[in-house]
Structure formats: structure tokens, C-alpha cells
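Inspection log for the structure reproduced underneath, given as C-alpha cells.
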Amino acid sequence: MTAEHDRLSAARNQETPWKKWGPYLSERQWGTVREDYSEGGDAWNYFTHDQARSRAYRWGEDGIAGIADDQQRLCFAVALWNGQDSILKERLFGLTNSEGNHGEDVKEYYFYLDSTPTHSYMKYLYKYPQVAFPYADLVQTSRQRGRAEFEYELLDTGAFNENRYFDVFVEYAKTTPEEILVQITVENRGPDTAEIHVLPTLWFRNQWSWHNQAARPSLQQIAATQEGSIVKGVDEELGERYLYCAGAAPLLFTENETNTQRIFGVANPTPYVKDGINNFVVQGQTGAVNPAQTGTKVAPHYRLQIPAGGKQVLQLRLTDAPPTTGGNGKSSLSFGAPFAAAMDGKRRECDEFYQAITPPKLSADEANVMRQALAGMLWSKQFYHYDVDRWLEERGSDPFKPSRKLAPRNDQWHHMFNGDIISMPDKWEYPWYAAWDLAFHVIALTLVDADFGKQQLKLMLRERYMHPNGQIPAYEWNFGDVNPPVHAWATIFTYRLDKGQQGAGDKDWLKSCFQKLLLNFTWWVNRKDRSGRNVFEGGFLGLDNIGVFDRSAPLPTGGYLEQADGTAWMALFCQNMLDIAGELAMTDPDYEDMVLKFTEHFLWIASSMGHVGENCGMWDEEDGFYYDVLRLPNGESQRLKVRSMVGLLPLCAATAFDGVLLRKQPALGKRLLRFLEQRPEIRAAIHDPMQAGVNGRHLASILDETRLRRVLAKMLDENEFLSEFGLRSLSKFHADHPYMFETGGQMYGVGYLPAESDSGMFGGNSNWRGPIWMPVNALVIRALLQYYTFYGDNLQVECPTGSGQMMNLYQVAEEIGRRLGNIFLQNEAGQRAVFGGAEKFQNDPHWRDYLQFYEYFHGDNGAGLGANHQTGWTGIIARIMHLFATLTPAKALAESKQAYFNADTKPRPATESLAGTP
């Protein structure tokens, strides 16, 4: 056990609140739905980046390299000024959806370098140009570029020419749950001495302006000497807090309140407003900060002259401990050598933690990728606050008033109250949770913190999140949109991982989640199976414009789509619910009926996908592939023959079962056998669930062996789906053979594009026409390992197709994992595919080992695309690397079905089951 494991244990048992403080501050609160009170719902333009420095937020706060308590009452972040910019660098800058040729995008360089799960140690790097930040250039040039052109990035502006920039490293270390050491190291990478203003900023989130009953907190200076200064903060919930600042830096105080004069043309009730520190430092307005040394926002003002290649270090402490000796700024932990020793100690503990969880088989480069992926995910936790009912009321859209404005979104979600720490896809472009993204986050985060993973999964099922009708919320832009139902998969995975680590499963948690997942399953069955034939729609389902039409909108043909992916997702949902019910039935017979229910439901759905004939099923015998089916108002039907991830997802609905429950409860087995014997047509077009595989296992799968081989032949063809860097979301076949469909005199088409789409179907960053997408690659890997635990070495296929090289399905999974890793790892020439043609990232020693994880990747060369800081589901690469560094084919065959992702659990005797399901 490491010191960090001890902290996790203490937090689990509620002995000490080690997770109370963390990186819970957003990196963009402006331009979010929560802050949008416009008539038409134009969130980006209602609250802009330009307004953010002057306008107090309603629902949250943002900052650079920031931390906060778990209710975001008190916030800390780093502000900078290079003497050239027109404003302080208090928050990250990026483009709105209408400003960029590829959609919204952050235009900054920052990196999450380290974090433990309790945030006892964290490290962040921000690269700050020494020239004026090119705000206008980035907007104007980006607007002029079309979709076929490359994005205009900050490096393209010349802002980093001659290495004229500062590396600003920010480190946090907790000596107690309530005491945080802050070290800011500024290094001058340029050829000349340069000045930088560093303003570590502490402030209270403004709640008093919105709630008359909210008590106003306060910050005030209580000591200032040459050795340092002290700020005392008082809040009715947090109590007293102290910021100790080493060195002789004046304290600048103002209020975290809107500059109404600048924003609305209304006189300010006080001269001390949110942008007061900005106006003092940048514009020289001496009256903009409070000489009484009090307010709700404060920053020590450090002016540093740093020689070329030199660095300077700043030290601060945020703590609940008051000064112990008068008012001279000294306390139980002083600055200088004791501070440095404490910081070094936390770095060592962080190293020890990652050494303990990193498989020795991984190379140093692989270990670095895994660690930075996890660091990015841990840094991307934030406090998310949104009371939808109050938000609707404030905008005049109270759903219970007869005369009200129509809300532009989320009108039916007035039950929602969110006020929790949530794992975000990222904290700039996606500073809001996405429920299906979160399920993939948990798969990676459970490598370091199973407790947080369990809490996150249950949170989405709570009554103040889940809709009363059973729908899980999608994301704040439209909570009612339809995301793939992967929550049950993440739930049983997390349960099994926790069981392996703790020695016993948390069945109370599993039961609680299962009951709510039943509601969600019922919502799907009642809302998305239009004809009651066990074929599903779903609309968007995360795949944007991978298809011919916008699947969330009415079709131009009339009629509707039966979706191969929607139906496959539901088949997997059934398997996951069957898996959970089987685990619970091992000790509670009341769940046996649920085992039978979900077994039967899976078989109905799988059978509906497998049939061909008059009603035009999803399986195309000629192509050996699955397609969406278009049902027209006149009763005609046809397959939309686009070879895409839509047709690969049926392969993912596969789970191997070891039969322990049936041996324990033979009556249940007889009921299942009777169901199958009475309905031979169900198993005619799918894998026979009664067929025995390796170690007597059974397999729930839509695809029988013949169809599995045919789909794999396309998936593993390098001229179709398989690239050097994983599986493409659209077959390269469509580069030369675009699929075209004509209706109403208009032609619709889908052609392969390895990067972003050239279609505006979903706005500026519509992207699913070819790139590699990490989460579905992970699902394919999971499925291949499931198939392998059933077929073993008896099933081998060509990989790549046409190569003559035969592999079993474990080896195929491992090969896909290797190719995904090649996105981030250095090749023989020392280049990383993720960096594409960015020479600075490829070759500069101060850039080349700092990774960005991106939303998706170029289908041919692996370059990063989309949101460059969306570690989110891309962080699952950490789990994939860990998996194949610890799992072996022999272990996969010897253990239960959980070998597919639980490689870090303890080996068990062959007689012991992790599954307990039929």
C-alpha cells in the first residue's frame, strides 16, 4: 500500500475528507447553457469571452490551473500578464461554434501532467506567449477558412516564434485535507530577459447577488511584511480560510461582482468590480482596487524579471490553519526549505502510487501515456451546478405558470438539480457532463479510484438527474437527446473491479443501480421500439452524421429508420442487465426472474436483427454486413448501405457466461431451455446460446460464427475499417464508392473522409465521416475478448484481411490495442502520430512529451482532431494499455468472462466464479 492508497481508504471510510479540495474549477463558464438567458438560446453570444472578465457568473466559475472546494464556494486560479496583452490572462480563450471553420475550439496550450485520485498532488503546465495574445487574428482568420482547410491554431499565428514564451508550471500538494501548498514555477524559454506579472487569485463564487438570503463572504488582509502576506477568508459554510503568500507582493482586492457600467451601461454601485484587478494592472486604474484591503476577490501581484533560460519559483499556502505567531505571516509550516521538502514528499508519493498501478511490462513511454491520460481525466473533474427549475423560472419559463416564455431547451427537465463533482469530457469545450461519455470515463478512472467511479454511475441515476420517465440525461444543450445505453455495462464492470480489489462486491450499490437501470431499460422499450418488433431507433446515438440523414430529425422521406446500432446497443444493454441480475441472484433468489426476463429479451432483439426476407432485415447477406433500414410511409423498405460503425456495433453485443448460476439453480435452466425449445426460430439466425464453448461457457451474441467471420473480414481490411491507428468510424471503401440516396429531387450522400466531415449537418464540428473514435474501439476490443473466452484458439481469422497472417481473437484484440497505442507513442523516428504535422510538438524537447488526447483521430495518419483537451473517453487508452500489459491468452481462457477488462483483479481458482450468471 502506498500513502495515496491509505488516503483513498480513509476517504472511503469517511475518516478524512481527502477529496474535499480538487481541480473542481471549470476552464470555461462563459458560453454555456447555464449562463444563457437569451430569448433564442444563443448561449455562445449571450455571454462571451470578452464579457467574462467583467460579468459575474450565475452558476459556476472558471480559471487557469484552478482548484476549489467541492461546492465551489472558494476558488483559486492563476492569472498572468506579459505586459503586452490588452487583458489579463485569467481564463482560456477559444472560438465559438460560428467562429471556427471546424467548430468551437480552445486556442491555448496547456497540459495536465499529474494528479493522484485524492488530488494530494497535482501538476499543470500553461504555455504563455511573451507577445500580445492574438485574439483578433485567431477569430478573423478562422472565420475566413472553409471546412476543407486546416484549423488555424495558436502556433500558426507566430505567437511562439523564437521560443518567446513562458512555461508556467503550477503544482498543488496537500499536507492535510484542508491545507494545500501551491508552487508556481515560471521558466523563460525565450532568448532575452522578459517580464511577467503573476497574480495567483483567490475569490468566492458569487451567490449573494442571486439569493437575498445568502450571506456575503469576505476576504481581507491581516498581515503584510517583506517575508510575505496573509489573507483571511470567512464564509458561513467553509468557516475561516487563510492564504499565505511568500515574498513582498502587494495584495489587490476587489469584488466578484458585475461591472454593470461596462456590460449594461448602468452605473456601478461600487467601483470595485470583477475586472478591478485587470483594470489596475493592465490599464493603470489605481482606483479599481480597494485600498481598504478587503473584498471577495484578491490576488498578490508578483512582477518577475526572468533571464533567458532562467526561472523563478513562487510559494503560497491555502489552509484552515491561522497564523501561530502574531501577524508576521509565519505558521506551523513556513516557506523556503520546509515548503520545498513537503512538496518533494508529495511528488514522491505520487510516483509511488503510479509505480504501484503501472504494469512493469510497459515501456517508459507507454507508462507516460498512461499516466498523463489518467492525470487528464482526474483534472477534468469539476463542480457542476445547475438548478433547471430555478433557471427556467429566472428566464420567465416556469413550467407551472400559465403565461410563460417558451424555453429554448430543457423545458421538460425542470425536476433536475445538479450540484456535484462530475467527470467532464473536458473543462473547456465540454464544461458539462455527458452521461454516455461518463460511462467510458469510469472504465479508465477505476484504474485509480473505483469509489469515484461507483459514485459517478449512481449519480446519473439519482432522482434529481434521471427523468421521472426513466431517461438518463444526455448533456446540458439537450438533456432529452438520446445517448447510447452503456450505463449498465459500466456498472457491472465497475462492480466486478471493485469486488476484485476489495474481496467482496458492493451488492447494495449494485442493487440500487439495477433498480434505476430497470426504469431506463423500460424507457427505451416504450419509447424507441416504434412497432413493438424489438428493433430500435434512438436517433443521434452519438454517431452524428455518419449516416445519410440527421437521425435526430424528421426524415426527408417521411417514415423512420430502424437503426442497426440502436438495436445492437439494446442487445448489449440486455446482456449487461442479465449479467447484473445473475450476480444478484447468486445470493437473492428474487432476481432469478430478472435473469430469465433479460435472457429472453436479448434473444428477441438478437433474432430481430438476424432475420432476412420480405420485411428487409438489417443483415445484408450479399455484403455480409449490417445496415440501417429505412421504412417508408407507403410500406416499402430498403437498407441504407453505408459501411460504418453502425454495422460493426452488432459485433459488440457479445458476452460469455460461465453457467454457475444455472448449476446452482437448475430449475432456472429448465425454464430457459423450455423457452428456447418452444421457439426454434429465435436461435435460427443468431449464435446458438446452448452451444458450449471453452470451459463449458455459453455465449450471448447476435452473430453466429459464419456472420462473425464475414463482419470481421471487413473490419480487419485495411482498405475498409482497419487503419494503422485503430478502427475507422466509416469504411475507406466509400472513398471511391460514396453511397448516394435521392429523395424529393435532392441527393444525399456519404463518402469517406479521414478527418472532419465537410457536412454542416451538426454544425461546425460535425465529425463522424471516417476518423478513429476511441470508445467504440474499446467496445470492439471488449467483444473480441468475449468471443475469445468462448471460442479460444478454435476460431482464427486473417489479420489484416488478405495478409495470410492468421490470428485468434485475443491476438486481434491485442493488435487493435497496439494500433490505438501508436496514436500516442513515439515511433522509430521519435515522432508521435497524435501531433500530426505540428513540428513544435514533434521535435521541441519542451513540447514533445506533453500529450493532448483529443476527441477523435485522423483515419489514415492518426493525427489528433476535434477537441484537443477532451481526455474524457479517449483516456480509456490507459485501460487498454494496462489490459494488454497484464492479461495473457491463457489467463483470459482460465478466468471467467471478466478477463475482458479486469486484468488487474486477483486470479481465482477455476471453481470460483466472478460472474455467477448463466
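Identifiers for the C-alpha cells are assigned positionally: chains receive A, B, ... in sequence, residues are indexed from 1 per chain, and ligands are indexed from 1 in the order shown.
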
_Give me the residues near His601 in chain A as a list in words, where near means some atom within 8 Å (using only C-alpha atoms) and where sequence neighbours in that chain fewer than 4 positions away do not count._
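With the cut-off at 8 Å, the set is Cys574, Lys597 and Ile605 of chain A.
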
*Long-range neighbours of range 423-430 of chain A as a PyMOL selection string, 8 Å cut-off, only C-alpha atoms, 2 positions minimum in chain*: chain A and resi 26-28+92+104-106+377-378+380-382+421+432-434+437-438+441+456+867+869-873

Take the residues that were just selected and, keeping N, CA and C atoms, output them as a tab-separated table (two decimals), in the first residue's frame.
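Generated file (result_6.tsv):
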```
chain	number	residue	atom	x	y	z
A	26	SER	N	-14.09	24.99	-13.45
A	26	SER	CA	-14.22	24.89	-14.90
A	26	SER	C	-13.14	25.73	-15.58
A	27	GLU	N	-12.88	25.43	-16.86
A	27	GLU	CA	-11.98	26.27	-17.66
A	27	GLU	C	-12.76	27.16	-18.62
A	28	ARG	N	-14.08	26.97	-18.67
A	28	ARG	CA	-14.94	27.90	-19.41
A	28	ARG	C	-16.33	27.82	-18.82
A	92	LEU	N	-8.96	30.75	-20.19
A	92	LEU	CA	-8.56	30.28	-21.50
A	92	LEU	C	-9.47	30.86	-22.59
A	104	GLU	N	-16.29	25.04	-32.51
A	104	GLU	CA	-15.67	25.64	-31.32
A	104	GLU	C	-14.40	24.89	-30.95
A	105	ASP	N	-13.43	25.62	-30.41
A	105	ASP	CA	-12.15	25.01	-30.10
A	105	ASP	C	-11.34	25.95	-29.22
A	106	VAL	N	-10.70	25.39	-28.18
A	106	VAL	CA	-9.82	26.20	-27.34
A	106	VAL	C	-8.54	26.49	-28.12
A	377	MET	N	-7.84	12.94	-16.96
A	377	MET	CA	-9.18	12.60	-16.51
A	377	MET	C	-9.42	13.09	-15.08
A	378	LEU	N	-8.40	12.99	-14.23
A	378	LEU	CA	-8.56	13.45	-12.85
A	378	LEU	C	-8.66	14.97	-12.79
A	380	SER	N	-10.03	16.72	-15.00
A	380	SER	CA	-11.28	17.11	-15.66
A	380	SER	C	-12.51	16.88	-14.80
A	381	LYS	N	-12.31	16.67	-13.52
A	381	LYS	CA	-13.44	16.67	-12.58
A	381	LYS	C	-13.77	18.12	-12.24
A	382	GLN	N	-15.06	18.45	-12.20
A	382	GLN	CA	-15.42	19.81	-11.81
A	382	GLN	C	-16.74	19.82	-11.07
A	421	ILE	N	-19.60	17.07	-7.89
A	421	ILE	CA	-18.36	16.89	-8.63
A	421	ILE	C	-18.60	15.81	-9.68
A	432	TRP	N	-19.47	20.55	-19.29
A	432	TRP	CA	-20.72	19.97	-18.83
A	432	TRP	C	-20.63	18.47	-19.05
A	433	TYR	N	-21.33	17.73	-18.19
A	433	TYR	CA	-21.23	16.27	-18.27
A	433	TYR	C	-22.03	15.74	-19.45
A	434	ALA	N	-21.58	14.62	-19.95
A	434	ALA	CA	-22.31	13.87	-20.98
A	434	ALA	C	-22.42	12.45	-20.45
A	437	ASP	N	-20.56	9.58	-22.26
A	437	ASP	CA	-19.13	9.78	-22.14
A	437	ASP	C	-18.66	9.32	-20.76
A	438	LEU	N	-19.45	9.69	-19.75
A	438	LEU	CA	-19.06	9.42	-18.38
A	438	LEU	C	-18.90	7.92	-18.13
A	441	HIS	N	-15.55	7.17	-19.16
A	441	HIS	CA	-14.60	7.75	-18.20
A	441	HIS	C	-14.35	6.78	-17.04
A	456	GLN	N	-20.02	8.15	-9.49
A	456	GLN	CA	-20.43	8.81	-10.73
A	456	GLN	C	-21.56	8.06	-11.42
A	867	ALA	N	-11.86	18.32	-30.25
A	867	ALA	CA	-11.50	18.98	-29.00
A	867	ALA	C	-10.17	18.41	-28.49
A	869	HIS	N	-8.46	18.86	-25.85
A	869	HIS	CA	-8.31	18.54	-24.43
A	869	HIS	C	-9.42	17.64	-23.93
A	870	GLN	N	-10.09	16.94	-24.85
A	870	GLN	CA	-11.12	16.01	-24.40
A	870	GLN	C	-10.47	14.69	-24.02
A	871	THR	N	-9.75	14.69	-22.90
A	871	THR	CA	-9.20	13.43	-22.42
A	871	THR	C	-10.33	12.44	-22.26
A	872	GLY	N	-11.40	12.84	-21.56
A	872	GLY	CA	-12.64	12.09	-21.46
A	872	GLY	C	-12.56	10.64	-21.84
A	873	TRP	N	-13.37	10.25	-22.84
A	873	TRP	CA	-13.38	8.85	-23.23
A	873	TRP	C	-12.08	8.42	-23.91
```

*Skip Gly802 in chain A itself and residues of its chain fewer than 6 positions away, then list as a list in words all residues within 10 Å of it, counting only C-alpha atoms.*
Ala713, Leu716, Asp717 and Glu718 of chain A

Now that the selection is made, can you save its residues with C-alpha atoms as a tab-separated table (two decimals), in the first residue's frame?
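The new file again.tsv reads:
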```
chain	number	residue	atom	x	y	z
A	713	ALA	CA	-13.27	-9.74	-42.74
A	716	LEU	CA	-9.91	-6.07	-40.39
A	717	ASP	CA	-9.48	-4.99	-44.01
A	718	GLU	CA	-7.00	-2.10	-44.22
```

_Among range 48-133 of chain A, which residues does DSSP mark as strand (DSSP E) when it is run on the backbone? Keep the chain and numbering as in the structure and answer as a ChimeraX atom specification._
/A:67-69,74-81,94-95,105-106,109-115,121-129

Expected file contents, prior selection, C-alpha atoms, as an mmCIF file, in the first residue's frame:
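Dumped to selection.cif:
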```
data_model
loop_
_atom_site.group_PDB
_atom_site.id
_atom_site.type_symbol
_atom_site.label_atom_id
_atom_site.label_comp_id
_atom_site.auth_asym_id
_atom_site.auth_seq_id
_atom_site.Cartn_x
_atom_site.Cartn_y
_atom_site.Cartn_z
ATOM 1 C CA ILE A 67 -8.875 24.454 -7.694
ATOM 2 C CA ALA A 68 -11.923 24.810 -5.474
ATOM 3 C CA ASP A 69 -13.739 23.113 -2.629
ATOM 4 C CA LEU A 74 -13.921 29.370 -2.628
ATOM 5 C CA CYS A 75 -11.833 29.288 -5.815
ATOM 6 C CA PHE A 76 -8.143 29.659 -6.597
ATOM 7 C CA ALA A 77 -6.504 30.004 -10.023
ATOM 8 C CA VAL A 78 -3.535 31.646 -11.709
ATOM 9 C CA ALA A 79 -3.762 34.908 -13.698
ATOM 10 C CA LEU A 80 -0.894 36.221 -15.831
ATOM 11 C CA TRP A 81 0.097 39.305 -17.787
ATOM 12 C CA GLY A 94 -11.273 29.780 -27.727
ATOM 13 C CA LEU A 95 -13.635 30.096 -30.643
ATOM 14 C CA ASP A 105 -12.147 25.006 -30.096
ATOM 15 C CA VAL A 106 -9.822 26.196 -27.343
ATOM 16 C CA TYR A 109 -1.610 25.202 -24.949
ATOM 17 C CA TYR A 110 -1.949 23.668 -21.522
ATOM 18 C CA PHE A 111 -1.291 20.195 -20.175
ATOM 19 C CA TYR A 112 -2.431 18.098 -17.242
ATOM 20 C CA LEU A 113 0.820 16.481 -16.191
ATOM 21 C CA ASP A 114 -0.031 14.702 -12.965
ATOM 22 C CA SER A 115 -2.668 14.029 -10.352
ATOM 23 C CA TYR A 121 -0.506 16.120 -5.662
ATOM 24 C CA MET A 122 -1.304 17.785 -8.997
ATOM 25 C CA LYS A 123 0.780 19.377 -11.729
ATOM 26 C CA TYR A 124 -0.303 21.558 -14.646
ATOM 27 C CA LEU A 125 1.580 23.385 -17.408
ATOM 28 C CA TYR A 126 0.418 26.506 -19.236
ATOM 29 C CA LYS A 127 2.430 27.956 -22.139
ATOM 30 C CA TYR A 128 2.071 31.749 -22.260
ATOM 31 C CA PRO A 129 3.401 33.812 -25.216
#
```

*Name the residues in contact with range 216-219 of chain A at a cut-off of 6 Å, using only C-alpha atoms, excluding same-chain residues fewer than 2 positions from it; report them as a PyMOL selection string.*
chain A and resi 208+232-235+294-296

*Fewer than 4 positions away in the same chain doesn't count, so skip those; otherwise give me all residues within 10 Å of Gly190 in chain A, counting only C-alpha atoms, as a ChimeraX atom specification.*
/A:129-130,160-166,194,306-310

Fewer than 6 positions away in the same chain doesn't count, so skip those; otherwise give me all residues within 10 Å of Gly696 in chain A, counting only C-alpha atoms, as a tab-separated table (two decimals) with N, CA and C atoms, in the first residue's frame.
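Now in result12.tsv:
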```
chain	number	residue	atom	x	y	z
A	657	PHE	N	-20.75	-16.33	-20.75
A	657	PHE	CA	-21.25	-16.67	-19.41
A	657	PHE	C	-20.73	-18.05	-19.01
A	658	ASP	N	-20.49	-18.23	-17.71
A	658	ASP	CA	-19.86	-19.47	-17.26
A	658	ASP	C	-20.83	-20.50	-16.70
A	659	GLY	N	-22.11	-20.15	-16.53
A	659	GLY	CA	-23.11	-21.15	-16.18
A	659	GLY	C	-23.19	-21.53	-14.73
A	790	PHE	N	-14.90	-17.68	-25.34
A	790	PHE	CA	-15.82	-18.74	-25.76
A	790	PHE	C	-15.18	-19.67	-26.81
```

*Just give me the gap between CA of Ala375 in chain A and CA of Gly100 in chain A in Å, one decimal is fine.*
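These two atoms are separated by 28.3 Å.
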
_If I take CA of Gly470 in chain A and CA of Asn520 in chain A, how far is one from the other in Å, to one decimal?_
4.4 Å

*asked:* Could you list, as a ChimeraX atom specification, every residue within 10 Å of Thr789 in chain A, counting only C-alpha atoms and ignoring same-chain residues fewer than 2 positions away?
replied: /A:655-658,693-695,697-699,783-787,791-793,809-810,889-900

*Give the answer as one residue: which of A:Leu578, A:Leu25, A:Met774, A:Ala10 has the shortest atom-to-atom distance to His385 in chain A, using only C-alpha atoms?*
A:Leu25

*In Å, rounded to a single decimal, give me how far CA of Met609 in chain A is from CA of Ala735 in chain A.*
27.6 Å

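With only C-alpha atoms as the atoms that count, the minimum distance from Glu108 in chain A to the choices A:Gln852, A:Ser229, A:Gln213, A:Gln355 is reached by A:Gln852.
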
_Members of range 342-591 of chain A assigned alpha helix (DSSP H) by DSSP, as number ranges by chain_ = A: 342-357, 364-379, 388-394, 435-445, 450-459, 487-502, 507-528, 564-585

*Nearest to Pro271 in chain A among A:Asp451, A:Glu600, A:Glu257, A:Asp351, with distances taken over only C-alpha atoms: which residue is it?*
A:Glu257
